[in-house]
$ cat target07.pdb   # PDB, C-alpha atoms
ATOM      1  CA  MET A   5      41.807 103.192 128.480
ATOM      2  CA  THR A   6      42.770 104.072 124.921
ATOM      3  CA  LEU A   7      43.578 107.757 125.471
ATOM      4  CA  ILE A   8      45.419 109.357 128.370
ATOM      5  CA  ILE A   9      44.508 112.826 129.552
ATOM      6  CA  GLY A  10      47.693 114.773 130.234
ATOM      7  CA  GLU A  11      48.320 117.428 132.855
ATOM      8  CA  ASP A  12      47.444 119.952 130.139
ATOM      9  CA  GLY A  13      43.997 118.357 129.782
ATOM     10  CA  LEU A  14      44.707 117.026 126.273
ATOM     11  CA  ALA A  15      43.945 113.447 125.210
ATOM     12  CA  ARG A  16      46.804 111.477 123.662
ATOM     13  CA  PRO A  17      47.475 107.789 122.964
ATOM     14  CA  GLN A  18      49.679 105.990 125.449
ATOM     15  CA  TRP A  19      52.735 106.047 123.157
ATOM     16  CA  ALA A  20      52.688 109.861 123.141
ATOM     17  CA  ALA A  21      51.721 110.455 126.754
ATOM     18  CA  SER A  22      54.933 110.061 128.770
ATOM     19  CA  ASP A  23      58.153 110.793 126.846
ATOM     20  CA  PRO A  24      58.375 114.593 126.302
ATOM     21  CA  LEU A  25      60.008 114.150 122.873
ATOM     22  CA  LEU A  26      57.297 111.748 121.683
ATOM     23  CA  ARG A  27      54.605 114.022 123.109
ATOM     24  CA  ASP A  28      55.998 117.041 121.264
ATOM     25  CA  TYR A  29      56.312 115.013 118.038
ATOM     26  CA  TYR A  30      52.706 113.853 118.412
ATOM     27  CA  ASP A  31      51.416 117.325 119.244
ATOM     28  CA  THR A  32      53.198 119.241 116.496
ATOM     29  CA  GLU A  33      54.391 116.995 113.683
ATOM     30  CA  TRP A  34      52.921 113.507 113.376
ATOM     31  CA  GLY A  35      50.072 113.438 110.910
ATOM     32  CA  MET A  36      50.732 116.878 109.456
ATOM     33  CA  PRO A  37      51.066 117.140 105.667
ATOM     34  CA  VAL A  38      54.570 116.830 104.229
ATOM     35  CA  ARG A  39      54.756 117.585 100.516
ATOM     36  CA  THR A  40      58.377 118.542  99.879
ATOM     37  CA  GLU A  41      60.872 116.207  98.274
ATOM     38  CA  GLN A  42      63.400 116.568 101.088
ATOM     39  CA  GLY A  43      60.755 116.170 103.801
ATOM     40  CA  LEU A  44      59.411 113.002 102.212
ATOM     41  CA  PHE A  45      62.883 111.593 101.590
ATOM     42  CA  GLU A  46      63.775 112.139 105.249
ATOM     43  CA  ARG A  47      60.611 110.430 106.453
ATOM     44  CA  ILE A  48      61.012 107.476 104.085
ATOM     45  CA  SER A  49      64.598 107.125 105.311
ATOM     46  CA  LEU A  50      63.679 107.297 108.999
ATOM     47  CA  GLU A  51      60.787 104.854 108.546
ATOM     48  CA  ALA A  52      63.258 102.427 106.962
ATOM     49  CA  PHE A  53      65.698 102.843 109.847
ATOM     50  CA  GLN A  54      62.819 102.311 112.290
ATOM     51  CA  SER A  55      62.026  98.878 110.842
ATOM     52  CA  GLY A  56      62.449  96.420 113.711
ATOM     53  CA  LEU A  57      63.086  99.184 116.249
ATOM     54  CA  SER A  58      60.935 101.558 118.288
ATOM     55  CA  TRP A  59      60.005 104.944 116.885
ATOM     56  CA  ALA A  60      61.261 106.486 120.136
ATOM     57  CA  THR A  61      64.762 105.213 119.323
ATOM     58  CA  ILE A  62      64.696 106.818 115.884
ATOM     59  CA  LEU A  63      63.182 110.076 117.088
ATOM     60  CA  HIS A  64      65.825 110.459 119.797
ATOM     61  CA  LYS A  65      68.519 109.868 117.159
ATOM     62  CA  ARG A  66      66.943 112.118 114.509
ATOM     63  CA  PRO A  67      69.327 115.072 115.072
ATOM     64  CA  ALA A  68      72.257 112.685 114.620
ATOM     65  CA  PHE A  69      70.668 111.161 111.511
ATOM     66  CA  ARG A  70      70.230 114.639 110.067
ATOM     67  CA  ARG A  71      73.890 115.456 110.695
ATOM     68  CA  ALA A  72      75.094 112.136 109.308
ATOM     69  CA  PHE A  73      72.917 112.287 106.182
ATOM     70  CA  ALA A  74      73.469 115.932 105.192
ATOM     71  CA  GLY A  75      70.050 117.033 106.403
ATOM     72  CA  PHE A  76      68.526 114.371 104.132
ATOM     73  CA  ALA A  77      69.172 116.534 101.083
ATOM     74  CA  PRO A  78      68.682 113.967  98.295
ATOM     75  CA  ASP A  79      71.373 115.456  96.045
ATOM     76  CA  ALA A  80      73.981 115.239  98.808
ATOM     77  CA  VAL A  81      73.049 111.725  99.930
ATOM     78  CA  ALA A  82      72.924 110.457  96.341
ATOM     79  CA  ALA A  83      76.585 111.507  96.010
ATOM     80  CA  PHE A  84      77.717 109.484  99.053
ATOM     81  CA  THR A  85      80.658 107.180  98.360
ATOM     82  CA  ASP A  86      82.096 104.071  99.990
ATOM     83  CA  THR A  87      84.019 106.437 102.279
ATOM     84  CA  ASP A  88      80.714 107.901 103.486
ATOM     85  CA  VAL A  89      79.294 104.425 104.043
ATOM     86  CA  ALA A  90      82.336 103.515 106.153
ATOM     87  CA  ARG A  91      81.917 106.765 108.123
ATOM     88  CA  LEU A  92      78.243 106.059 108.762
ATOM     89  CA  LEU A  93      78.904 102.495 109.908
ATOM     90  CA  LEU A  94      81.327 103.857 112.526
ATOM     91  CA  ASP A  95      78.879 106.522 113.750
ATOM     92  CA  ALA A  96      77.456 105.271 117.053
ATOM     93  CA  SER A  97      74.989 108.152 117.193
ATOM     94  CA  ILE A  98      72.837 106.588 114.442
ATOM     95  CA  VAL A  99      71.567 103.072 113.689
ATOM     96  CA  ARG A 100      74.555 101.346 112.116
ATOM     97  CA  ASN A 101      72.877  98.895 109.797
ATOM     98  CA  ARG A 102      74.634  98.483 106.452
ATOM     99  CA  ARG A 103      71.475  97.485 104.565
ATOM    100  CA  LYS A 104      69.568 100.523 105.856
ATOM    101  CA  VAL A 105      72.469 102.881 105.165
ATOM    102  CA  MET A 106      72.749 101.540 101.622
ATOM    103  CA  ALA A 107      68.978 101.773 101.185
ATOM    104  CA  THR A 108      69.077 105.454 102.127
ATOM    105  CA  ILE A 109      71.717 106.165  99.491
ATOM    106  CA  THR A 110      69.876 104.053  96.903
ATOM    107  CA  ASN A 111      66.627 105.849  97.709
ATOM    108  CA  ALA A 112      68.294 109.251  97.354
ATOM    109  CA  ARG A 113      69.413 108.295  93.868
ATOM    110  CA  ALA A 114      65.931 107.007  93.039
ATOM    111  CA  THR A 115      64.491 110.286  94.335
ATOM    112  CA  LEU A 116      66.681 112.241  91.916
ATOM    113  CA  ALA A 117      65.612 110.004  89.028
ATOM    114  CA  LEU A 118      61.944 110.658  89.856
ATOM    115  CA  ARG A 119      62.347 114.386  89.175
ATOM    116  CA  ALA A 120      61.965 113.708  85.460
ATOM    117  CA  GLU A 121      58.548 112.143  86.149
ATOM    118  CA  GLY A 122      57.045 114.763  88.447
ATOM    119  CA  GLY A 123      58.993 113.973  91.584
ATOM    120  CA  LEU A 124      58.729 112.040  94.814
ATOM    121  CA  ALA A 125      55.909 114.120  96.286
ATOM    122  CA  GLU A 126      53.714 113.643  93.239
ATOM    123  CA  LEU A 127      54.295 109.898  93.272
ATOM    124  CA  VAL A 128      53.695 109.442  97.012
ATOM    125  CA  TRP A 129      50.635 111.683  97.250
ATOM    126  CA  GLY A 130      49.184 109.983  94.179
ATOM    127  CA  PHE A 131      48.287 107.062  96.466
ATOM    128  CA  MET A 132      46.110 109.023  98.859
ATOM    129  CA  PRO A 133      43.055 106.929  99.752
ATOM    130  CA  ASP A 134      39.442 108.021  99.389
ATOM    131  CA  HIS A 135      38.830 107.698 103.125
ATOM    132  CA  THR A 136      40.727 107.485 106.388
ATOM    133  CA  PRO A 137      40.271 105.144 109.354
ATOM    134  CA  GLU A 138      38.276 106.326 112.356
ATOM    135  CA  PRO A 139      39.829 104.269 115.150
ATOM    136  CA  ASP A 140      38.506 104.387 118.695
ATOM    137  CA  THR A 141      41.272 102.118 120.026
ATOM    138  CA  PRO A 142      44.858 101.357 118.995
ATOM    139  CA  HIS A 143      43.712  97.870 117.940
ATOM    140  CA  GLU A 144      41.551  99.472 115.243
ATOM    141  CA  VAL A 145      44.485 101.264 113.610
ATOM    142  CA  PRO A 146      45.502  99.430 110.417
ATOM    143  CA  THR A 147      49.127  98.553 109.776
ATOM    144  CA  ARG A 148      48.761  98.484 105.999
ATOM    145  CA  SER A 149      46.204  99.205 103.321
ATOM    146  CA  PRO A 150      45.650  98.570  99.602
ATOM    147  CA  GLU A 151      47.086 102.042  98.994
ATOM    148  CA  SER A 152      50.223 101.380 101.062
ATOM    149  CA  GLU A 153      50.705  98.096  99.195
ATOM    150  CA  ALA A 154      50.353  99.888  95.852
ATOM    151  CA  LEU A 155      52.696 102.693  96.954
ATOM    152  CA  ALA A 156      55.323 100.180  98.080
ATOM    153  CA  LYS A 157      55.156  98.412  94.706
ATOM    154  CA  ALA A 158      55.369 101.693  92.802
ATOM    155  CA  LEU A 159      58.404 102.860  94.772
ATOM    156  CA  LYS A 160      60.134  99.498  94.340
ATOM    157  CA  ARG A 161      59.553  99.723  90.582
ATOM    158  CA  LYS A 162      61.310 103.102  90.713
ATOM    159  CA  GLY A 163      64.350 101.617  92.460
ATOM    160  CA  PHE A 164      63.538 102.259  96.124
ATOM    161  CA  THR A 165      64.304  99.686  98.818
ATOM    162  CA  PHE A 166      63.114  99.182 102.417
ATOM    163  CA  VAL A 167      59.690 100.468 101.386
ATOM    164  CA  GLY A 168      57.354  97.608 102.286
ATOM    165  CA  PRO A 169      53.590  98.086 102.696
ATOM    166  CA  THR A 170      53.726  98.360 106.503
ATOM    167  CA  THR A 171      56.564 100.882 106.367
ATOM    168  CA  MET A 172      54.676 102.860 103.725
ATOM    169  CA  TYR A 173      51.523 102.853 105.842
ATOM    170  CA  ALA A 174      53.554 104.302 108.714
ATOM    171  CA  LEU A 175      54.778 106.954 106.272
ATOM    172  CA  MET A 176      51.193 107.694 105.208
ATOM    173  CA  GLU A 177      50.259 108.195 108.866
ATOM    174  CA  ALA A 178      53.297 110.380 109.576
ATOM    175  CA  ILE A 179      52.664 112.713 106.619
ATOM    176  CA  GLY A 180      48.907 113.082 107.135
ATOM    177  CA  MET A 181      47.849 111.043 104.114
ATOM    178  CA  VAL A 182      45.689 109.068 106.516
ATOM    179  CA  ASP A 183      44.533 110.285 109.923
ATOM    180  CA  THR A 184      44.919 107.498 112.459
ATOM    181  CA  HIS A 185      44.730 109.757 115.484
ATOM    182  CA  LEU A 186      42.242 108.043 117.768
ATOM    183  CA  MET A 187      38.755 109.483 117.868
ATOM    184  CA  GLY A 188      38.757 111.806 120.868
ATOM    185  CA  SER A 189      42.414 112.769 120.506
ATOM    186  CA  HIS A 190      43.045 116.507 120.495
ATOM    187  CA  ARG A 191      44.963 115.991 117.237
ATOM    188  CA  ARG A 192      42.174 114.287 115.288
ATOM    189  CA  GLY A 193      41.482 116.275 112.108
ATOM    190  CA  THR A 194      44.266 118.824 112.640
ATOM    191  CA  SER A 195      45.896 118.035 109.283
ATOM    192  CA  LYS A 196      42.913 119.741 107.602
ATOM    193  CA  ILE A 197      43.004 116.947 105.025
ATOM    194  CA  TRP A 198      40.365 114.839 106.751
ATOM    195  CA  PRO A 199      37.401 115.947 108.843
ATOM    196  CA  ARG A 200      37.383 115.101 112.533
TER     197      ARG A 200
END
$ encode --input "target07.pdb" --output "C-alpha cells"
Amino acid sequence: MTLIIGEDGLARPQWAASDPLLRDYYDTEWGMPVRTEQGLFERISLEAFQSGLSWATILHKRPAFRRAFAGFAPDAVAAFTDTDVARLLLDASIVRNRRKVMATITNARATLALRAEGGLAELVWGFMPDHTPEPDTPHEVPTRSPESEALAKALKRKGFTFVGPTTMYALMEAIGMVDTHLMGSHRRGTSKIWPR
C-alpha cells in the first residue's frame, strides 16, 4: 500500500502517517510555496543539515536550529564569528557537524551577495520546471532532475555549499516547486502551482 488512510480519513504516505510532527508538517507545510529570502535560506540550511540523516531528526530539532541560527535571518547568520561556530559545535540540541555549520554561515553570506542580482528567491524559482511528477508510488518519486542539477550548479557558482542536486530536489519538493505528493494524497495539488 502506497498511501495510508488515517483516523481522520485522509490519505498520506507512510512517512507522514505515524509521527504527529511529521503528519502536521506534511498536512500544513511540505510542498507549499516559499518565496521569501529568509524562508528559502532556512530550508536550504535544514536540507543541508538533513544530508545523511532522517528528515524526522531535523524536524524535531528545528526549534533548536532556529534558536541557534538567529531564526535563519541571513544578515545575522552572515555575521557569525568563530565564537559563534564554537558555540554551535557545543550545542547538543542541533546537529553538531562543523562542515554543515560552516556551510550555513557561508550560504548566509552568499545569500546577502545575491541581493544585488535579484535575490535568492528569484534565483531559486528561476529553475522551476515545466511539469511536475505524477507519482502513484514512492518508487516513482524522483530524487533529482535536470532542474535540480542546474540549480545546484548555479548556487555553487554563487558561493553556496552543501547544495547538491539531490538536496536541491528535496528543496524543490519542500517549497512546492514540484508536487511529489502521491496521486490520491489529500495534499496533491494544494500548492495551487500545479493541478491535481
$ resolve_selection --input "target07.pdb" --expression "the PyMOL selection byres ((chain A and resi 101) around 12)" --output "CSV table (one decimal) with C-alpha atoms, keeping the file's coordinate frame"
chain,number,residue,atom,x,y,z
A,52,ALA,CA,63.3,102.4,107.0
A,53,PHE,CA,65.7,102.8,109.8
A,54,GLN,CA,62.8,102.3,112.3
A,55,SER,CA,62.0,98.9,110.8
A,56,GLY,CA,62.4,96.4,113.7
A,57,LEU,CA,63.1,99.2,116.2
A,89,VAL,CA,79.3,104.4,104.0
A,90,ALA,CA,82.3,103.5,106.2
A,92,LEU,CA,78.2,106.1,108.8
A,93,LEU,CA,78.9,102.5,109.9
A,94,LEU,CA,81.3,103.9,112.5
A,95,ASP,CA,78.9,106.5,113.8
A,96,ALA,CA,77.5,105.3,117.1
A,98,ILE,CA,72.8,106.6,114.4
A,99,VAL,CA,71.6,103.1,113.7
A,100,ARG,CA,74.6,101.3,112.1
A,102,ARG,CA,74.6,98.5,106.5
A,103,ARG,CA,71.5,97.5,104.6
A,104,LYS,CA,69.6,100.5,105.9
A,105,VAL,CA,72.5,102.9,105.2
A,106,MET,CA,72.7,101.5,101.6
A,107,ALA,CA,69.0,101.8,101.2
A,108,THR,CA,69.1,105.5,102.1
$ closest_residue --input "target07.pdb" --among "A:Trp59, A:Phe73, A:Trp19, A:Phe164" --to "Leu118 (chain A)" --atoms "only C-alpha atoms"
A:Phe164
$ axis_aligned_box --input "target07.pdb" --around "region 45-55 of chain A" --padding-each-side "8 Å" --output "JSON"
{"center_x": 63.2, "center_y": 105.5, "center_z": 106.9, "size_x": 21.1, "size_y": 29.3, "size_z": 26.7}
$ residues_around --input "target07.pdb" --residues "Glu41 (chain A)" --least-positions-apart "6" --cutoff "8 Å" --atoms "only C-alpha atoms" --output "number ranges by chain"
A: 115, 123-125
$ closest_residue --input "target07.pdb" --among "A:Ala72, A:Ile109, A:Leu14, A:Leu7" --to "Pro139 (chain A)" --atoms "only C-alpha atoms"
A:Leu7
$ residues_around --input "target07.pdb" --residues "Thr6 (chain A)" --least-positions-apart "6" --cutoff "7 Å" --atoms "only C-alpha atoms" --output "compact mmCIF listing (two decimals) with C-alpha atoms, keeping the file's coordinate frame"
# COMPACT_ATOMS: atom_id res chain seq x y z
CA PRO A 17 47.48 107.79 122.96
CA THR A 141 41.27 102.12 120.03
CA PRO A 142 44.86 101.36 119.00
$ atom_distance --input "target07.pdb" --atom1 "CA of Val128 (chain A)" --atom2 "CA of Thr85 (chain A)"
27.1 Å
$ atom_distance --input "target07.pdb" --atom1 "CA of Thr32 (chain A)" --atom2 "CA of Thr194 (chain A)"
9.7 Å
$ closest_residue --input "target07.pdb" --among "A:Val182, A:Ala82, A:Val38, A:Leu63" --to "Glu126 (chain A)" --atoms "only C-alpha atoms"
A:Val38
$ residues_around --input "target07.pdb" --residues "Pro133 (chain A)" --least-positions-apart "3" --cutoff "12 Å" --atoms "all atoms listed in the file" --output "list in words"
Val128, Trp129, Gly130, Thr136, Pro137, Arg148, Ser149, Pro150, Glu151, Ser152, Glu153, Ala154, Leu155, Tyr173, Met176, Glu177, Gly180, Met181, Val182, Asp183, Ile197 and Trp198 of chain A
$ decode --input "target07.pdb" --residues "region 126-162 of chain A" --atoms "N, CA, C and O atoms" --output "tab-separated table (two decimals), in the first residue's frame"
chain	number	residue	atom	x	y	z
A	126	GLU	N	14.50	34.85	-6.38
A	126	GLU	CA	14.48	34.95	-7.85
A	126	GLU	C	15.36	33.87	-8.47
A	126	GLU	O	14.99	33.24	-9.46
A	127	LEU	N	16.54	33.66	-7.89
A	127	LEU	CA	17.43	32.64	-8.43
A	127	LEU	C	16.80	31.25	-8.32
A	127	LEU	O	16.72	30.51	-9.31
A	128	VAL	N	16.36	30.89	-7.12
A	128	VAL	CA	15.81	29.54	-6.90
A	128	VAL	C	14.59	29.29	-7.78
A	128	VAL	O	14.52	28.28	-8.49
A	129	TRP	N	13.63	30.20	-7.75
A	129	TRP	CA	12.40	29.99	-8.51
A	129	TRP	C	12.60	30.10	-10.02
A	129	TRP	O	11.73	29.68	-10.80
A	130	GLY	N	13.75	30.60	-10.43
A	130	GLY	CA	14.08	30.64	-11.85
A	130	GLY	C	14.31	29.26	-12.44
A	130	GLY	O	14.40	29.11	-13.66
A	131	PHE	N	14.40	28.24	-11.59
A	131	PHE	CA	14.64	26.87	-12.07
A	131	PHE	C	13.39	25.99	-11.97
A	131	PHE	O	13.49	24.76	-12.02
A	132	MET	N	12.25	26.63	-11.88
A	132	MET	CA	11.00	25.86	-11.84
A	132	MET	C	10.82	25.09	-13.15
A	132	MET	O	10.95	25.65	-14.23
A	133	PRO	N	10.52	23.81	-13.06
A	133	PRO	CA	10.35	23.01	-14.29
A	133	PRO	C	9.02	23.30	-14.98
A	133	PRO	O	8.14	23.95	-14.42
A	134	ASP	N	8.91	22.79	-16.20
A	134	ASP	CA	7.68	22.97	-16.98
A	134	ASP	C	6.58	22.02	-16.55
A	134	ASP	O	5.42	22.23	-16.88
A	135	HIS	N	6.97	20.94	-15.88
A	135	HIS	CA	5.97	19.96	-15.43
A	135	HIS	C	6.42	19.36	-14.11
A	135	HIS	O	7.57	19.52	-13.70
A	136	THR	N	5.50	18.68	-13.45
A	136	THR	CA	5.80	18.05	-12.16
A	136	THR	C	5.53	16.56	-12.26
A	136	THR	O	4.69	16.14	-13.08
A	137	PRO	N	6.21	15.75	-11.48
A	137	PRO	CA	5.92	14.31	-11.49
A	137	PRO	C	4.49	14.02	-11.05
A	137	PRO	O	3.87	14.83	-10.34
A	138	GLU	N	3.99	12.88	-11.43
A	138	GLU	CA	2.67	12.41	-11.00
A	138	GLU	C	2.83	10.99	-10.46
A	138	GLU	O	2.34	10.03	-11.04
A	139	PRO	N	3.50	10.87	-9.31
A	139	PRO	CA	3.81	9.54	-8.79
A	139	PRO	C	2.61	8.84	-8.13
A	139	PRO	O	1.88	9.46	-7.36
A	140	ASP	N	2.47	7.57	-8.45
A	140	ASP	CA	1.46	6.75	-7.77
A	140	ASP	C	2.06	6.04	-6.56
A	140	ASP	O	1.35	5.70	-5.63
A	141	THR	N	3.38	5.80	-6.60
A	141	THR	CA	4.06	5.10	-5.52
A	141	THR	C	5.32	5.88	-5.13
A	141	THR	O	5.84	6.67	-5.94
A	142	PRO	N	5.84	5.65	-3.94
A	142	PRO	CA	7.08	6.33	-3.54
A	142	PRO	C	8.24	6.03	-4.48
A	142	PRO	O	9.12	6.87	-4.67
A	143	HIS	N	8.23	4.84	-5.10
A	143	HIS	CA	9.32	4.47	-6.01
A	143	HIS	C	9.34	5.32	-7.27
A	143	HIS	O	10.34	5.37	-7.97
A	144	GLU	N	8.21	5.98	-7.57
A	144	GLU	CA	8.12	6.82	-8.76
A	144	GLU	C	8.50	8.27	-8.49
A	144	GLU	O	8.50	9.08	-9.41
A	145	VAL	N	8.84	8.59	-7.25
A	145	VAL	CA	9.23	9.95	-6.91
A	145	VAL	C	10.71	10.12	-7.24
A	145	VAL	O	11.55	9.41	-6.71
A	146	PRO	N	11.05	11.07	-8.12
A	146	PRO	CA	12.46	11.28	-8.45
A	146	PRO	C	13.25	11.78	-7.25
A	146	PRO	O	12.68	12.31	-6.29
A	147	THR	N	14.55	11.63	-7.30
A	147	THR	CA	15.41	12.17	-6.26
A	147	THR	C	16.25	13.33	-6.80
A	147	THR	O	16.94	13.99	-6.03
A	148	ARG	N	16.17	13.56	-8.08
A	148	ARG	CA	16.87	14.68	-8.71
A	148	ARG	C	16.27	14.90	-10.08
A	148	ARG	O	15.53	14.05	-10.57
A	149	SER	N	16.58	16.01	-10.68
A	149	SER	CA	16.05	16.33	-12.00
A	149	SER	C	17.05	17.23	-12.72
A	149	SER	O	17.97	17.77	-12.10
A	150	PRO	N	16.88	17.43	-14.03
A	150	PRO	CA	17.77	18.38	-14.72
A	150	PRO	C	17.72	19.77	-14.08
A	150	PRO	O	18.75	20.45	-13.99
A	151	GLU	N	16.53	20.16	-13.62
A	151	GLU	CA	16.40	21.47	-12.98
A	151	GLU	C	17.14	21.53	-11.64
A	151	GLU	O	17.76	22.55	-11.31
A	152	SER	N	17.07	20.44	-10.86
A	152	SER	CA	17.77	20.46	-9.56
A	152	SER	C	19.28	20.44	-9.78
A	152	SER	O	20.04	21.04	-9.02
A	153	GLU	N	19.72	19.76	-10.85
A	153	GLU	CA	21.15	19.76	-11.18
A	153	GLU	C	21.60	21.16	-11.59
A	153	GLU	O	22.66	21.64	-11.16
A	154	ALA	N	20.78	21.83	-12.41
A	154	ALA	CA	21.12	23.19	-12.84
A	154	ALA	C	21.08	24.17	-11.67
A	154	ALA	O	21.95	25.06	-11.56
A	155	LEU	N	20.11	24.03	-10.79
A	155	LEU	CA	20.01	24.90	-9.61
A	155	LEU	C	21.23	24.71	-8.71
A	155	LEU	O	21.82	25.69	-8.24
A	156	ALA	N	21.62	23.46	-8.49
A	156	ALA	CA	22.79	23.19	-7.65
A	156	ALA	C	24.04	23.86	-8.24
A	156	ALA	O	24.81	24.50	-7.51
A	157	LYS	N	24.21	23.75	-9.54
A	157	LYS	CA	25.38	24.37	-10.19
A	157	LYS	C	25.33	25.88	-10.07
A	157	LYS	O	26.35	26.53	-9.80
A	158	ALA	N	24.14	26.46	-10.27
A	158	ALA	CA	24.01	27.91	-10.18
A	158	ALA	C	24.32	28.42	-8.77
A	158	ALA	O	25.01	29.42	-8.61
A	159	LEU	N	23.80	27.72	-7.77
A	159	LEU	CA	24.08	28.13	-6.39
A	159	LEU	C	25.55	27.99	-6.05
A	159	LEU	O	26.14	28.86	-5.39
A	160	LYS	N	26.17	26.90	-6.51
A	160	LYS	CA	27.61	26.72	-6.24
A	160	LYS	C	28.42	27.84	-6.89
A	160	LYS	O	29.39	28.33	-6.29
A	161	ARG	N	28.03	28.24	-8.10
A	161	ARG	CA	28.72	29.35	-8.76
A	161	ARG	C	28.60	30.65	-7.96
A	161	ARG	O	29.46	31.51	-8.04
A	162	LYS	N	27.52	30.76	-7.19
A	162	LYS	CA	27.29	31.96	-6.38
A	162	LYS	C	27.88	31.83	-4.97
A	162	LYS	O	27.64	32.67	-4.11
